[in-house]
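Shown here: start.csv, CSV, C-alpha atoms and all ligand atoms.
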chain,number,residue,atom,x,y,z
P,1,MET,CA,46.2,-56.7,170.8
P,2,LYS,CA,47.6,-54.4,168.1
P,3,ARG,CA,47.0,-50.7,168.5
P,4,VAL,CA,46.2,-48.8,165.4
P,5,ALA,CA,46.7,-45.1,164.5
P,6,ILE,CA,44.7,-43.8,161.4
P,7,VAL,CA,46.1,-40.8,159.5
P,8,GLY,CA,43.6,-39.0,157.3
P,9,PHE,CA,40.0,-39.3,158.5
P,10,GLY,CA,38.1,-38.7,155.3
P,11,PHE,CA,36.2,-41.3,153.3
P,12,MET,CA,38.8,-44.1,153.5
P,13,GLY,CA,39.9,-43.2,157.0
P,14,LYS,CA,36.4,-43.7,158.3
P,15,THR,CA,36.0,-46.9,156.1
P,16,HIS,CA,39.1,-48.4,157.7
P,17,TYR,CA,38.0,-47.3,161.1
P,18,GLY,CA,34.8,-49.4,160.7
P,19,ALA,CA,36.9,-52.4,159.5
P,20,TRP,CA,39.3,-52.1,162.4
P,21,ARG,CA,36.4,-51.9,164.9
P,22,LYS,CA,35.1,-55.2,163.7
P,23,CYS,CA,38.6,-56.8,163.7
P,24,ARG,CA,39.5,-59.0,166.7
P,25,GLY,CA,43.1,-58.5,167.7
P,26,ALA,CA,43.3,-54.8,167.0
P,27,LYS,CA,41.8,-51.5,168.2
P,28,VAL,CA,42.1,-47.9,167.0
P,29,VAL,CA,43.8,-45.8,169.7
P,30,ALA,CA,44.7,-42.7,167.7
P,31,VAL,CA,43.3,-40.7,164.7
P,32,CYS,CA,45.0,-37.8,163.0
P,33,ASP,CA,43.6,-35.3,160.5
P,34,SER,CA,45.1,-31.9,159.7
P,35,ASP,CA,41.5,-30.7,159.4
P,36,LEU,CA,40.0,-31.4,162.8
P,37,ALA,CA,36.5,-30.8,161.4
P,38,GLN,CA,37.0,-34.1,159.6
P,39,LEU,CA,37.0,-36.1,162.9
P,40,THR,CA,33.2,-35.4,163.2
P,41,ALA,CA,32.3,-34.9,159.6
P,42,LYS,CA,29.8,-37.4,158.1
P,43,VAL,CA,31.0,-38.8,154.7
P,44,THR,CA,29.6,-41.4,152.3
P,45,GLY,CA,32.2,-41.5,149.5
P,46,ASN,CA,31.2,-43.6,146.5
P,47,ILE,CA,30.3,-46.8,148.4
P,48,LYS,CA,27.1,-46.4,150.4
P,49,GLY,CA,27.5,-47.7,154.0
P,50,ALA,CA,31.3,-48.2,153.8
P,51,ALA,CA,32.3,-45.3,156.0
P,52,ASP,CA,31.8,-45.6,159.7
P,53,ASN,CA,30.5,-42.2,160.8
P,54,SER,CA,30.0,-43.1,164.4
P,55,ALA,CA,31.5,-40.7,167.0
P,56,LEU,CA,35.1,-41.5,168.1
P,57,PRO,CA,35.2,-42.7,171.7
P,58,GLU,CA,37.2,-40.7,174.2
P,59,THR,CA,39.7,-43.5,174.5
P,60,VAL,CA,40.9,-42.5,170.9
P,61,ARG,CA,43.6,-39.8,171.1
P,62,VAL,CA,43.1,-37.2,168.3
P,63,TRP,CA,45.8,-35.3,166.5
P,64,ASP,CA,46.1,-32.7,163.8
P,65,ASP,CA,49.9,-33.2,163.4
P,66,PHE,CA,51.3,-36.4,162.0
P,67,SER,CA,54.9,-35.9,163.2
P,68,ALA,CA,53.7,-35.1,166.8
P,69,MET,CA,51.6,-38.3,166.7
P,70,LEU,CA,54.5,-40.4,165.5
P,71,ASP,CA,56.7,-38.9,168.2
P,72,ALA,CA,54.2,-39.6,171.0
P,73,GLY,CA,53.7,-43.2,169.8
P,74,GLY,CA,51.5,-45.6,171.8
P,75,PHE,CA,50.5,-47.8,168.8
P,76,ASP,CA,51.9,-50.5,166.6
P,77,ILE,CA,50.3,-49.9,163.2
P,78,VAL,CA,50.0,-46.7,161.2
P,79,ASP,CA,47.1,-46.8,158.8
P,80,ILE,CA,47.6,-44.2,156.1
P,81,THR,CA,44.4,-43.1,154.4
P,82,LEU,CA,45.7,-39.8,153.1
P,83,PRO,CA,45.5,-38.2,149.7
P,84,THR,CA,47.9,-40.1,147.4
P,85,PRO,CA,50.8,-37.5,147.1
P,86,LEU,CA,51.3,-37.9,150.8
P,87,HIS,CA,51.6,-41.7,150.8
P,88,PRO,CA,55.3,-42.1,150.1
P,89,ASP,CA,56.8,-39.6,152.7
P,90,MET,CA,54.2,-40.4,155.4
P,91,THR,CA,54.7,-44.2,154.9
P,92,ILE,CA,58.5,-43.9,155.0
P,93,ALA,CA,58.3,-41.7,158.1
P,94,ALA,CA,56.1,-44.2,159.9
P,95,LEU,CA,58.3,-47.2,158.9
P,96,ASN,CA,61.5,-45.3,160.0
P,97,ALA,CA,59.8,-44.6,163.3
P,98,GLY,CA,59.3,-48.4,163.8
P,99,TYR,CA,55.7,-48.9,162.9
P,100,HIS,CA,54.0,-51.4,160.6
P,101,VAL,CA,52.2,-49.5,157.8
P,102,LEU,CA,48.9,-50.2,156.0
P,103,CYS,CA,48.8,-47.6,153.2
P,104,GLU,CA,45.8,-46.9,151.0
P,105,LYS,CA,46.1,-47.6,147.3
P,106,PRO,CA,47.4,-46.3,144.9
P,107,MET,CA,50.8,-46.8,146.5
P,108,ALA,CA,52.3,-43.7,144.9
P,109,LEU,CA,52.1,-41.6,141.7
P,110,ASP,CA,55.4,-42.8,140.3
P,111,LEU,CA,57.7,-45.9,140.5
P,112,LYS,CA,60.6,-44.1,142.2
P,113,SER,CA,58.4,-43.3,145.2
P,114,CYS,CA,57.1,-46.9,145.3
P,115,ASP,CA,60.7,-48.1,145.3
P,116,ARG,CA,61.6,-45.7,148.1
P,117,MET,CA,58.7,-47.1,150.2
P,118,LEU,CA,59.7,-50.7,149.5
P,119,ALA,CA,63.3,-49.9,150.5
P,120,ALA,CA,62.2,-48.3,153.7
P,121,ALA,CA,60.1,-51.3,154.6
P,122,LYS,CA,63.0,-53.6,154.0
P,123,LYS,CA,65.4,-51.5,156.0
P,124,SER,CA,63.0,-51.0,159.0
P,125,ARG,CA,62.0,-54.7,159.0
P,126,ARG,CA,58.4,-53.6,159.5
P,127,CYS,CA,55.5,-54.8,157.4
P,128,LEU,CA,54.1,-52.7,154.6
P,129,LEU,CA,50.9,-53.5,152.8
P,130,VAL,CA,49.2,-51.4,150.2
P,131,ALA,CA,45.4,-51.7,150.4
P,132,GLN,CA,44.5,-53.1,147.0
P,133,CYS,CA,41.2,-54.0,148.5
P,134,VAL,CA,39.4,-55.6,145.6
P,135,ARG,CA,41.6,-58.8,146.0
P,136,PHE,CA,39.8,-59.2,149.4
P,137,PHE,CA,36.2,-58.5,148.3
P,138,PRO,CA,34.4,-61.8,148.8
P,139,GLU,CA,33.0,-61.9,145.3
P,140,TYR,CA,36.3,-61.2,143.6
P,141,ALA,CA,38.1,-63.6,146.0
P,142,TYR,CA,35.6,-66.3,145.0
P,143,LEU,CA,36.1,-65.6,141.3
P,144,ALA,CA,39.9,-65.7,141.7
P,145,GLY,CA,39.4,-69.2,143.4
P,146,LEU,CA,37.4,-70.4,140.4
P,147,VAL,CA,40.1,-69.3,137.9
P,148,LYS,CA,42.8,-70.9,140.0
P,149,SER,CA,40.9,-74.2,140.5
P,150,GLY,CA,40.2,-74.8,136.8
P,151,ARG,CA,36.8,-76.1,137.9
P,152,TYR,CA,35.1,-74.7,134.8
P,153,GLY,CA,38.1,-75.1,132.5
P,154,LYS,CA,40.2,-72.3,131.1
P,155,VAL,CA,39.1,-68.6,130.8
P,156,VAL,CA,38.2,-67.7,127.3
P,157,ALA,CA,37.4,-64.0,127.9
P,158,ALA,CA,36.9,-61.6,130.8
P,159,ASP,CA,35.6,-58.1,131.1
P,160,PHE,CA,35.9,-55.8,134.1
P,161,THR,CA,34.1,-52.4,134.5
P,162,ARG,CA,34.3,-49.7,137.1
P,163,PHE,CA,31.9,-46.7,136.6
P,164,MET,CA,31.4,-43.8,138.9
P,165,SER,CA,30.4,-40.2,138.8
P,166,ALA,CA,33.2,-37.8,139.3
P,167,PRO,CA,34.3,-38.0,143.0
P,168,LYS,CA,33.2,-35.0,145.1
P,169,TRP,CA,33.3,-36.2,148.7
P,170,SER,CA,36.7,-34.8,149.8
P,171,PRO,CA,36.6,-31.8,152.2
P,172,LYS,CA,37.4,-29.4,149.3
P,173,GLY,CA,34.9,-31.0,146.9
P,174,GLY,CA,37.0,-33.8,145.4
P,175,SER,CA,39.4,-31.3,144.0
P,176,TRP,CA,42.5,-33.3,144.7
P,177,LEU,CA,40.9,-36.5,143.3
P,178,LEU,CA,40.1,-34.9,139.9
P,179,ASP,CA,43.6,-33.3,139.6
P,180,GLU,CA,45.7,-35.8,137.8
P,181,SER,CA,48.9,-34.4,139.2
P,182,LYS,CA,47.6,-35.2,142.7
P,183,SER,CA,45.6,-38.4,142.3
P,184,GLY,CA,47.1,-39.8,139.1
P,185,GLY,CA,43.6,-39.5,137.5
P,186,LEU,CA,41.3,-42.2,136.5
P,187,TYR,CA,44.0,-44.8,135.5
P,188,VAL,CA,46.0,-44.5,138.7
P,189,ASP,CA,43.2,-43.7,141.2
P,190,ALA,CA,40.3,-45.9,140.2
P,191,HIS,CA,41.1,-48.2,137.3
P,192,ILE,CA,44.1,-49.6,139.3
P,193,HIS,CA,41.5,-51.7,141.2
P,194,ASP,CA,40.7,-53.8,138.1
P,195,ALA,CA,44.2,-53.7,136.7
P,196,ASP,CA,45.6,-55.0,139.9
P,197,TYR,CA,43.0,-57.7,140.2
P,198,ILE,CA,43.5,-58.8,136.5
P,199,VAL,CA,47.2,-59.3,137.1
P,200,SER,CA,46.6,-61.1,140.4
P,201,VAL,CA,44.3,-63.6,138.7
P,202,PHE,CA,45.7,-63.9,135.1
P,203,GLY,CA,49.3,-62.9,135.6
P,204,LYS,CA,51.2,-60.2,133.7
P,205,PRO,CA,50.0,-59.6,130.1
P,206,LYS,CA,52.5,-59.3,127.3
P,207,SER,CA,51.3,-55.7,126.5
P,208,VAL,CA,48.5,-53.3,126.9
P,209,LEU,CA,46.6,-51.1,124.5
P,210,SER,CA,44.5,-48.4,126.0
P,211,LYS,CA,42.3,-45.5,124.9
P,212,SER,CA,41.0,-42.6,126.9
P,213,ARG,CA,38.7,-39.7,126.6
P,214,ARG,CA,39.2,-36.3,128.3
P,215,SER,CA,36.3,-34.4,129.7
P,216,VAL,CA,35.7,-30.7,128.9
P,217,ARG,CA,37.0,-30.0,132.4
P,218,GLY,CA,40.4,-31.4,131.4
P,219,TYR,CA,40.6,-34.7,133.3
P,220,VAL,CA,40.4,-38.2,131.7
P,221,ASP,CA,36.9,-39.4,132.4
P,222,HIS,CA,36.7,-42.7,130.5
P,223,THR,CA,39.3,-45.4,129.7
P,224,THR,CA,39.3,-48.7,127.9
P,225,THR,CA,42.1,-51.2,127.9
P,226,ILE,CA,42.9,-54.5,126.2
P,227,TYR,CA,45.3,-56.8,128.0
P,228,ASP,CA,47.3,-59.1,125.7
P,229,TYR,CA,47.3,-62.7,126.8
P,230,PRO,CA,47.9,-65.7,124.5
P,231,ASP,CA,44.6,-67.5,124.7
P,232,MET,CA,42.1,-65.2,126.2
P,233,LEU,CA,40.7,-61.7,125.6
P,234,VAL,CA,40.7,-59.5,128.7
P,235,THR,CA,39.3,-56.0,128.7
P,236,SER,CA,38.5,-53.3,131.2
P,237,ASP,CA,36.6,-50.0,131.1
P,238,SER,CA,36.6,-47.4,133.8
P,239,SER,CA,34.7,-44.1,134.1
P,240,PHE,CA,34.3,-40.9,136.0
P,241,ALA,CA,31.6,-39.9,133.5
P,242,ALA,CA,28.7,-41.7,135.1
P,243,SER,CA,25.7,-39.6,136.1
P,244,ASP,CA,25.4,-38.5,139.7
P,245,SER,CA,22.5,-40.8,140.4
P,246,LEU,CA,24.4,-43.9,139.3
P,247,VAL,CA,27.1,-43.0,141.8
P,248,TRP,CA,29.2,-46.2,141.5
P,249,ASP,CA,29.2,-49.5,139.9
P,250,ALA,CA,31.9,-52.2,139.6
P,251,ALA,CA,31.3,-55.5,137.7
P,252,ALA,CA,33.1,-58.4,136.1
P,253,ARG,CA,32.0,-61.0,133.6
P,254,VAL,CA,34.3,-64.0,133.1
P,255,PHE,CA,33.6,-66.6,130.4
P,256,PHE,CA,35.1,-70.0,131.2
P,257,GLU,CA,35.0,-72.9,128.8
P,258,LYS,CA,32.3,-74.5,130.9
P,259,ALA,CA,30.6,-71.6,132.7
P,260,SER,CA,30.0,-67.9,132.7
P,261,VAL,CA,30.3,-65.9,135.9
P,262,TYR,CA,28.8,-62.5,136.5
P,263,LEU,CA,29.4,-60.3,139.5
P,264,GLY,CA,28.6,-56.7,140.3
P,265,ALA,CA,26.2,-54.1,141.5
P,266,ALA,CA,24.9,-53.5,137.9
P,267,TYR,CA,23.0,-56.8,138.0
P,268,LYS,CA,21.4,-56.0,141.4
P,269,LYS,CA,21.9,-59.6,142.4
P,270,PRO,CA,24.8,-61.6,144.0
P,271,LEU,CA,27.6,-63.2,142.1
P,272,THR,CA,26.1,-65.8,139.8
P,273,VAL,CA,27.7,-68.8,138.2
P,274,TYR,CA,26.0,-69.9,134.9
P,275,PRO,CA,27.3,-73.5,134.3
P,276,GLN,CA,27.2,-74.9,130.8
P,277,GLY,CA,24.2,-77.2,130.7
P,278,GLY,CA,23.5,-76.6,134.4
P,279,ARG,CA,21.3,-74.3,136.6
P,280,PRO,CA,22.7,-70.9,137.6
P,281,PHE,CA,23.5,-70.5,141.2
P,282,SER,CA,24.9,-68.0,143.7
P,283,PRO,CA,27.4,-69.4,146.2
P,284,LYS,CA,27.2,-68.3,149.8
P,285,LEU,CA,30.1,-65.9,150.4
P,286,SER,CA,31.7,-64.4,153.5
P,287,ALA,CA,29.6,-61.8,155.1
P,288,LYS,CA,32.8,-59.8,156.0
P,289,SER,CA,33.5,-56.8,153.8
P,290,GLY,CA,36.7,-56.7,151.7
P,291,TYR,CA,38.0,-54.0,154.1
P,292,GLU,CA,37.5,-56.2,157.1
P,293,ALA,CA,39.3,-59.1,155.3
P,294,GLU,CA,42.1,-56.8,154.3
P,295,VAL,CA,42.9,-55.5,157.8
P,296,ALA,CA,42.6,-59.1,159.2
P,297,TYR,CA,45.2,-60.2,156.5
P,298,PHE,CA,47.5,-57.4,157.5
P,299,LEU,CA,47.4,-58.5,161.1
P,300,LYS,CA,48.2,-62.0,160.1
P,301,MET,CA,51.1,-60.7,157.9
P,302,ILE,CA,52.5,-58.9,161.0
P,303,ASP,CA,52.2,-62.0,163.1
P,304,GLY,CA,54.0,-64.0,160.3
P,305,GLY,CA,51.0,-66.3,160.0
P,306,ALA,CA,49.5,-65.2,156.7
P,307,ASP,CA,49.8,-67.2,153.6
P,308,ILE,CA,51.3,-64.2,151.9
P,309,LYS,CA,50.1,-65.0,148.5
P,310,VAL,CA,47.1,-62.7,148.2
P,311,LEU,CA,48.9,-59.4,148.1
P,312,THR,CA,52.3,-57.9,148.8
P,313,ALA,CA,53.6,-54.3,148.6
P,314,GLN,CA,55.7,-55.4,145.6
P,315,ASP,CA,52.4,-56.4,143.8
P,316,ALA,CA,51.0,-53.0,144.5
P,317,ARG,CA,54.2,-51.4,143.0
P,318,ASP,CA,53.9,-53.6,139.9
P,319,SER,CA,50.3,-52.5,139.5
P,320,ILE,CA,51.4,-48.9,139.4
P,321,ALA,CA,53.8,-49.8,136.7
P,322,LEU,CA,50.9,-51.4,134.8
P,323,VAL,CA,48.5,-48.5,135.0
P,324,LEU,CA,51.3,-46.1,134.0
P,325,ALA,CA,51.9,-48.2,131.0
P,326,GLU,CA,48.2,-48.1,130.1
P,327,ARG,CA,48.2,-44.3,130.5
P,328,ARG,CA,51.3,-44.1,128.3
P,329,SER,CA,49.5,-46.3,125.7
P,330,ALA,CA,46.5,-43.9,125.7
P,331,ARG,CA,48.7,-40.9,125.3
P,332,THR,CA,50.8,-42.3,122.5
P,333,GLY,CA,48.1,-44.3,120.7
P,334,ARG,CA,50.4,-47.4,120.7
P,335,SER,CA,50.4,-50.6,122.6
P,336,VAL,CA,53.0,-50.8,125.4
P,337,ARG,CA,55.0,-54.0,126.0
P,338,LEU,CA,55.5,-54.9,129.6
P,339,SER,CA,59.0,-56.0,130.5
P,401,LIG,N1,40.3,-48.6,148.5
P,401,LIG,C1,39.3,-47.9,148.1
P,401,LIG,O1,38.2,-48.4,147.9
P,401,LIG,C2,39.4,-46.4,148.0
P,401,LIG,C3,38.3,-45.6,147.8
P,401,LIG,C4,38.5,-44.2,147.8
P,401,LIG,C5,39.7,-43.6,148.0
P,401,LIG,N2,40.8,-44.5,148.2
P,401,LIG,C6,42.2,-43.9,148.4
P,401,LIG,O2,42.3,-43.5,149.8
P,401,LIG,C7,43.1,-42.3,149.9
P,401,LIG,C8,42.3,-41.3,150.6
P,401,LIG,O3,41.1,-41.0,149.8
P,401,LIG,P1,39.8,-40.4,150.5
P,401,LIG,O4,38.7,-40.6,149.4
P,401,LIG,O5,39.6,-41.0,151.8
P,401,LIG,O6,40.2,-38.8,150.6
P,401,LIG,P2,39.5,-37.7,151.5
P,401,LIG,O7,39.9,-36.4,150.8
P,401,LIG,O8,38.1,-38.1,151.7
P,401,LIG,O9,40.3,-37.9,152.9
P,401,LIG,C9,41.6,-37.5,153.1
P,401,LIG,C10,41.8,-36.9,154.5
P,401,LIG,O10,43.2,-36.7,154.7
P,401,LIG,C11,43.2,-35.4,155.5
P,401,LIG,N3,44.6,-34.9,155.3
P,401,LIG,C12,45.1,-34.3,154.2
P,401,LIG,N4,46.4,-33.9,154.4
P,401,LIG,C13,46.7,-34.3,155.7
P,401,LIG,C14,47.9,-34.3,156.5
P,401,LIG,N5,49.0,-33.7,156.0
P,401,LIG,N6,47.8,-34.8,157.7
P,401,LIG,C15,46.7,-35.4,158.2
P,401,LIG,N7,45.5,-35.5,157.5
P,401,LIG,C16,45.5,-34.9,156.2
P,401,LIG,C17,42.1,-34.6,154.9
P,401,LIG,O11,41.8,-33.5,155.7
P,401,LIG,C18,41.0,-35.6,154.7
P,401,LIG,O12,40.2,-35.7,155.8
P,401,LIG,C19,43.5,-42.0,148.5
P,401,LIG,O13,44.8,-42.4,148.2
P,401,LIG,C20,42.5,-42.7,147.6
P,401,LIG,O14,43.0,-43.0,146.3
P,401,LIG,C21,40.7,-45.8,148.2

Go ahead and express the file in the form of structure tokens.
Amino acid sequence: MKRVAIVGFGFMGKTHYGAWRKCRGAKVVAVCDSDLAQLTAKVTGNIKGAADNSALPETVRVWDDFSAMLDAGGFDIVDITLPTPLHPDMTIAALNAGYHVLCEKPMALDLKSCDRMLAAAKKSRRCLLVAQCVRFFPEYAYLAGLVKSGRYGKVVAADFTRFMSAPKWSPKGGSWLLDESKSGGLYVDAHIHDADYIVSVFGKPKSVLSKSRRSVRGYVDHTTTIYDYPDMLVTSDSSFAASDSLVWDAAARVFFEKASVYLGAAYKKPLTVYPQGGRPFSPKLSAKSGYEAEVAYFLKMIDGGADIKVLTAQDARDSIALVLAERRSARTGRSVRLS
């Protein structure tokens, strides 16, 4: 049984808490938040039902100081669900102290920090995983399987969208999430989900061409990117400009030679395969959430039993490089070649 300490008990901390509770082979034994009010606060974030707002049992030790918790120990895994600027130093501290680390995405705001994290994992010989959760969502995992299998031929075109209203759920009203110097902004914080998935399924594009719009409040609130692949057209749009009542929507449409596949909340129906000349159908998918699949994968990774092809910390680092290239493209108005 692996013992887990969660650091940062906001939206994602509570979401991971729910996933660990459902995971056989692990239990949460410690939770740390510098703002103790967060331990009992009810949050919803942008995904209804994701956060587990149940009361922490007395068996869970609570802390408001990360270093004191690390020194006290009594766990095997540190799960870092903190604001992004804290990811590198907290991850490195936990690895150096001998713990395996699951760190929320995005890995860090710059590549130097990602490389420091990778080096610390190597030196400590502990496992580091960055939670690029979309790869584990059942619909997206199924879609990745369809691409890999070639069942419906080659992909002709694909389009990924991620639309949400500006995030406001953090204790201080989402201020750090809307501050590009702290969250990386729309490209690094939200769009990275699709960018990371696109590369995981289609490989690295030759170049990217991106455009973005800046809201009157100063932050980028809409982006659109074209990924350059030889034989297919892949695009992705992300937004913080959706109205409050839309809240959140993520979708994908993939056009194969012999089928089209739609997935996403926008269609208010499950992933649907529309075969050429056949009847549309919705396959039965795992009832586990992507977060549950993600923590189960991390446990397998620690035990050395995972088929470590789904996601590595290096992949997460490469996805930071990709979204930074997209942001550069939008700022310069030119396409950026990827080395
Ligand atoms: N995978 C996903 O679907 C997903 C969704 C939303 C956010 N995220 C990522 O998760 C991370 C956390 O985002 P969030 O939305 O949960 O933020 P949040 O603001 O809701 O929660 C962060 C928590 O960390 C606490 N905290 C801040 N500094 C601390 C410190 N020094 N020590 C201990 N606790 C501290 C805050 O009090 C707060 O409770 C971010 O990197 C974000 O990009 C991922």

Q | Contacts of ligand LIG 401 (chain P), 8 Å or closer, all atoms listed in the file, given as an MDAnalysis selection string | A | chainID P and resid 7:14 32:36 38:39 43 45:46 64:66 80:87 104:107 131:134 169:172 174 176:177 183 189:190

Q: Would you kindly return, as a PyMOL selection string, each protein, DNA or RNA residue with an atom no farther than 8 Å from any atom of Ser200 (chain P), considering only C-alpha atoms and excluding same-chain residues fewer than 3 positions away?
A: chain P and resi 135+196-197+203+310

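Coordinates place CA of Gly264 (chain P) at a distance of 5.6 Å from CA of Ala250 (chain P).
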
Surrounding residues of Thr225 (chain P) excluding itself and chain neighbours under 3 positions, 7 Å, only C-alpha atoms, as a PDB file with C-alpha atoms, in the coordinates of the input:
ATOM      1  CA  VAL P 208      48.500 -53.300 126.900  1.00  0.00           C
ATOM      2  CA  LEU P 209      46.600 -51.100 124.500  1.00  0.00           C
ATOM      3  CA  SER P 210      44.500 -48.400 126.000  1.00  0.00           C
ATOM      4  CA  LYS P 211      42.300 -45.500 124.900  1.00  0.00           C
ATOM      5  CA  THR P 235      39.300 -56.000 128.700  1.00  0.00           C
ATOM      6  CA  SER P 236      38.500 -53.300 131.200  1.00  0.00           C
ATOM      7  CA  ASP P 237      36.600 -50.000 131.100  1.00  0.00           C
TER       8      ASP P 237
END

Q) What is the distance, in Å and to one decimal place, between CA of Ser238 (chain P) and CA of Lys168 (chain P)? A) 17.1 Å

Q. For Phe256 (chain P), which residue out of P:Asp159, P:Asp228, P:Glu180, P:Asp76 is the nearest one, using all atoms listed in the file?
A. P:Asp159

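Between CA of Ala241 (chain P) and CA of Ala166 (chain P) the interatomic distance comes to 6.4 Å.
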
Q: Would you mind telling me which residue in P:Tyr99, P:Ala330, P:Tyr274, P:Ile192 lies nearest to Arg213 (chain P) when using only C-alpha atoms?
A: P:Ala330

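If only C-alpha atoms are the atoms counted, then among P:Lys182, P:Gly277, P:Lys258, P:Met164 the closest residue to Asp221 (chain P) is P:Met164.
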
**Q.** Nearby residues (only C-alpha atoms) at most 12 Å from Ala121 (chain P), same-chain spacing under 2 positions excluded, as an NGL selection string
**A.** :P and (88 or 91-103 or 114-119 or 123-130 or 312-314)

Q: Tell me which protein, DNA and RNA residues are within 10 Å of Ser243 (chain P), counting all atoms listed in the file, leaving out same-chain ones fewer than 3 positions away, and put them as a count of residues only.
A: 8
